[in-house]
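Inspection log for the structure reproduced underneath, given as structure tokens.
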Amino acid sequence: MRYAHTVDTVRGAEGELMARLPDGALMRRAATGLARVCARVLPRVYGSRVVLLVGGGDNGGDALYAGSQLASRGAAVRALLVGSRVHEGGLSALRSAGGRAVEVPRTTEIPAGSEAATEMAAADLIVDGLVGIGGTGGLRGPHASLAALAGATETPTVAVDLPSGIEADTGAVEGTAVRADVTVTFGTHKPGLLVSPGAEHAGVVELVDIGLAGELPTARLESPQAGDVDVSLPRPGPESTKYRRGVLGMAVGSDRYRGAAVLAAGGALRGGVGMLRYAGHDAVATEVLRHWPEVVVSVLDPEDPLAGLPERVDAWVVGPGRGVDGDAETELEAILGSPLPVLLDADAVTLLGTRPRLVRDREAPTLLTPHAAEMARLLPDTSPREIEARRLEYATRTAEEYGCVVLLKGSTTVIAEPGRPALADPNGTSLLATAGTGDVLSGLVGSLLSGGLAPREAAMCGAYLHGLAARLAHDGGPISASDLIGALPSAIRALRTE
Ligand SMILES: NC(=O)C1=CN([C@@H]2O[C@H](COP(=O)(O)OP(=O)(O)OC[C@H]3O[C@@H](n4cnc5c(N)ncnc54)[C@H](O)[C@@H]3O)[C@@H](O)[C@H]2O)[C@@H](O)CC1
Ligand SMILES: [K+]
């Protein structure tokens, strides 16, 4: 698991630790770790050209001290100072090691042809020490234009603590932000490094141990790795039967949207469900059976659909392609009235927007899996764009307001449960941005719910495997939701070799 803590928590922990250590010890640890990573990124340190972007705070101080270490190993290091002040200790260390520093004029626009821009383009490495956890709001003045000019070069870029311009606690990006190839972060991850859009600016994230672990409380956010999914995933043992492995009920798809049912069923079957009981009208049920003969189908009578819903199941998936008419609403109400775990996706989430009490008043485990537009129907005062910009915040808010577990789909899948650390899936990929992948996810996560996992863990494992399957299915061209189903078994197998 990767753990991330908010700025306030990091500052508190650093304060405790600093009180017991000699002055400057933490910054020395941070700068040494940073210099080590920079040396790995450079083809060779001796003779290389390094440009430091240095803001007025301790983030700039880290860059200056690391720069001094590279300079003492023979790199030509030049610092561009943009803050209204500069870390004096760092600056004198750089100068003593033979590095040079120039003040950048504090005009807002630094032109593309300026000396600073030319130097960045010609360098072997840019080190971004503009702002770290002390940054507030979008980058201002020369900070913004240096970040933009750095982004216009091909020069490898290492960000100090976090890419300047991303909000440490949320991953929100307002305006220009540095795009790093590698981010060297200190003591613990910051949420913004694990959640998009911030995560997309961070590149490979390297954590430098500065001795903070003992001072840190429970994380705000966790990001599962292959081993975490591997230990949580239910696997059949010698005593398993189809019933013990879990029976999933599925009220998904309609005569109009038959594909949703076929895809969700595929996700459940390849996710390892013991038995899948599908309920739907004749045409869609026939289609499911044609694709997956192993499914046990209940054909619903249009005159009395509730009577045909299967009873002996361990969990339910409801919603994708099911519609939002009166029948769909009555069915949703009936299923939520059971004491079983229920996953609500797509149309079921839309219906919930008009009947929030259906979940708010429910005590049994409930998991919602909306994308941003569906989530916006649950939080009428917001918009999909706002949700995408602040995923962690809105997933957490929805979980709290509805009193259930929420998996917010998209660039970074975020999972929130009241009172528990949120989870950020590390496997997000734009390969998944194609119709039907959400249906596969609902079936996959449903199979894990029926196998006995709690909603948060089922969502964590499902999201991880879903992204991994997309990557494994990808051989250079686009993939479709059906390819994803085929790759799920390899994704489960790959957990042990990742
Ligand atoms: N506190 C500690 O014990 C340690 C801190 N370290 C470093 O210190 C950093 C935090 O340092 P600071 O608290 O000095 O803060 P920062 O260096 O992150 O930023 C503060 C400076 O940036 C300016 N600024 C803030 N937002 C801006 C914006 N949007 N546009 C332009 N300028 C902006 C401020 O005016 C101030 O000069 C960490 O990220 C890390 O790199 C490390 O050395 C490890 C130890
Ligand atoms: K930075």
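Identifiers in the structure tokens: chain A, B, ... in order shown; residue index from 1 per chain; ligand index from 1 in order shown.
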
Excluding range 332-341 of chain A and its own-chain neighbours fewer than 4 positions away, which residues fall within 6 Å of it when counting only C-alpha atoms? Please give them as an mmCIF file with C-alpha atoms, in the first residue's frame.
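Result saved to out_31.cif:
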```
data_model
loop_
_atom_site.group_PDB
_atom_site.id
_atom_site.type_symbol
_atom_site.label_atom_id
_atom_site.label_comp_id
_atom_site.auth_asym_id
_atom_site.auth_seq_id
_atom_site.Cartn_x
_atom_site.Cartn_y
_atom_site.Cartn_z
ATOM 1 C CA ALA A 315 -25.223 -9.956 -3.433
ATOM 2 C CA ALA A 364 -26.952 -3.297 4.619
ATOM 3 C CA PRO A 365 -23.694 -2.787 2.658
ATOM 4 C CA THR A 366 -24.198 -0.563 -0.387
#
```

Would you mind listing the residues within 6 Å of ligand 2, counting only C-alpha atoms and all ligand atoms, as a PyMOL selection string?
chain A and resi 128-132+159-164

So which residues are near ligand 1, meaning at most 7 Å away with only C-alpha atoms and all ligand atoms counted, given back as an NGL selection string?
:A and (11 or 14-15 or 18 or 26-27 or 30-31 or 55-62 or 83-85 or 130-141 or 143 or 160-161 or 165 or 186)

Serialized selection, C-alpha atoms, as a PDB file, in the first residue's frame:
```pdb
ATOM      1  CA  ARG A  11       3.715  19.750   8.829  1.00  0.00           C
ATOM      2  CA  GLU A  14       7.785  17.325  10.610  1.00  0.00           C
ATOM      3  CA  GLY A  15       7.456  19.703  13.550  1.00  0.00           C
ATOM      4  CA  MET A  18      12.485  18.613  13.843  1.00  0.00           C
ATOM      5  CA  LEU A  26      15.505  17.074   7.586  1.00  0.00           C
ATOM      6  CA  MET A  27      16.328  19.279   4.660  1.00  0.00           C
ATOM      7  CA  ALA A  30      15.544  15.417   1.654  1.00  0.00           C
ATOM      8  CA  ALA A  31      18.190  17.063  -0.534  1.00  0.00           C
ATOM      9  CA  GLY A  55      11.096  29.530  -5.512  1.00  0.00           C
ATOM     10  CA  GLY A  56      11.325  31.454  -2.270  1.00  0.00           C
ATOM     11  CA  GLY A  57      10.531  28.665   0.209  1.00  0.00           C
ATOM     12  CA  ASP A  58      12.084  25.476   1.524  1.00  0.00           C
ATOM     13  CA  ASN A  59      11.133  23.635  -1.671  1.00  0.00           C
ATOM     14  CA  GLY A  60      13.630  25.907  -3.428  1.00  0.00           C
ATOM     15  CA  GLY A  61      16.043  25.221  -0.546  1.00  0.00           C
ATOM     16  CA  ASP A  62      15.880  21.479  -1.268  1.00  0.00           C
ATOM     17  CA  GLY A  83      10.989  33.980  -5.286  1.00  0.00           C
ATOM     18  CA  SER A  84      10.725  37.299  -3.500  1.00  0.00           C
ATOM     19  CA  ARG A  85      13.328  35.743  -1.175  1.00  0.00           C
ATOM     20  CA  LEU A 130       9.292  26.430  -7.426  1.00  0.00           C
ATOM     21  CA  VAL A 131       6.789  25.482  -4.720  1.00  0.00           C
ATOM     22  CA  GLY A 132       6.094  22.402  -2.638  1.00  0.00           C
ATOM     23  CA  ILE A 133       3.548  21.847   0.112  1.00  0.00           C
ATOM     24  CA  GLY A 134       3.573  25.603   0.816  1.00  0.00           C
ATOM     25  CA  GLY A 135       1.945  26.353  -2.557  1.00  0.00           C
ATOM     26  CA  THR A 136      -1.473  28.007  -2.505  1.00  0.00           C
ATOM     27  CA  GLY A 137      -3.762  28.373  -5.526  1.00  0.00           C
ATOM     28  CA  GLY A 138      -2.550  28.226  -9.119  1.00  0.00           C
ATOM     29  CA  LEU A 139       1.029  29.270  -9.941  1.00  0.00           C
ATOM     30  CA  ARG A 140       1.472  33.023 -10.071  1.00  0.00           C
ATOM     31  CA  GLY A 141       3.736  35.407 -11.972  1.00  0.00           C
ATOM     32  CA  HIS A 143       6.476  30.767 -11.485  1.00  0.00           C
ATOM     33  CA  VAL A 160      10.856  18.388  -5.718  1.00  0.00           C
ATOM     34  CA  ASP A 161       8.213  17.003  -3.312  1.00  0.00           C
ATOM     35  CA  GLY A 165       1.096  23.976  -9.484  1.00  0.00           C
ATOM     36  CA  PHE A 186       9.611  13.383   1.138  1.00  0.00           C
TER      37      PHE A 186
END
```

Please identify which residues in range 256-403 of chain A DSSP calls alpha helix (DSSP H) from the backbone, and express them as a VMD selection string.
chain A and resid 258 to 270 282 to 291 326 to 336 347 to 354 357 to 360 372 to 378 384 to 389 391 to 402

So which residues touch Val195 in chain A within 8 Å, counting only C-alpha atoms, skipping near sequence neighbours fewer than 6 positions away, as a PyMOL selection string?
chain A and resi 170-171+391-392+412+414+424

Find the residues near Thr429 in chain A: any atom within 7 Å, counting only C-alpha atoms, skip ones fewer than 2 places away on the same chain, and give them as a list in words.
Ser411, Asn427, Leu431, Leu432 and Gly467 of chain A

Using DSSP secondary structure from the backbone, list all strand (DSSP E or B) positions within range 269-486 of chain A, as an NGL selection string.
:A and (275-280 or 296-299 or 315-318 or 342-344 or 366-368 or 405-408 or 414-416 or 422-424)

File of the preceding selection, C-alpha atoms, as a JSON list (two decimals), in the first residue's frame:
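See result_6.json below for the written result:
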```
[["chain", "number", "residue", "atom", "x", "y", "z"],
["A", 275, "MET", "CA", -22.81, -18.77, -9.75],
["A", 276, "LEU", "CA", -24.43, -15.95, -11.64],
["A", 277, "ARG", "CA", -28.21, -15.61, -11.56],
["A", 278, "TYR", "CA", -29.37, -13.20, -14.23],
["A", 279, "ALA", "CA", -32.86, -11.67, -14.16],
["A", 280, "GLY", "CA", -34.35, -9.90, -17.17],
["A", 296, "VAL", "CA", -28.69, -19.30, -14.56],
["A", 297, "VAL", "CA", -31.39, -17.13, -16.06],
["A", 298, "SER", "CA", -34.73, -15.98, -14.62],
["A", 299, "VAL", "CA", -36.99, -14.67, -17.38],
["A", 315, "ALA", "CA", -25.22, -9.96, -3.43],
["A", 316, "TRP", "CA", -26.83, -7.89, -6.20],
["A", 317, "VAL", "CA", -25.67, -5.73, -9.08],
["A", 318, "VAL", "CA", -28.35, -3.33, -10.34],
["A", 342, "VAL", "CA", -25.97, -4.24, -3.38],
["A", 343, "LEU", "CA", -23.90, -2.51, -6.06],
["A", 344, "LEU", "CA", -25.72, 0.33, -7.85],
["A", 366, "THR", "CA", -24.20, -0.56, -0.39],
["A", 367, "LEU", "CA", -21.72, 0.41, -3.08],
["A", 368, "LEU", "CA", -22.30, 3.10, -5.71],
["A", 405, "VAL", "CA", -19.19, 3.18, -0.14],
["A", 406, "VAL", "CA", -18.60, 5.09, -3.38],
["A", 407, "LEU", "CA", -16.35, 4.21, -6.29],
["A", 408, "LEU", "CA", -15.92, 7.22, -8.58],
["A", 414, "VAL", "CA", -11.29, 6.92, -6.18],
["A", 415, "ILE", "CA", -13.06, 4.83, -3.54],
["A", 416, "ALA", "CA", -14.47, 6.44, -0.40],
["A", 422, "ALA", "CA", -10.00, 6.81, 0.75],
["A", 423, "LEU", "CA", -8.35, 4.65, -1.92],
["A", 424, "ALA", "CA", -6.83, 5.85, -5.21]]
```

One decimal, Å: what's the distance from CA of Ala283 in chain A over to CA of Val262 in chain A, could you say?
11.9 Å
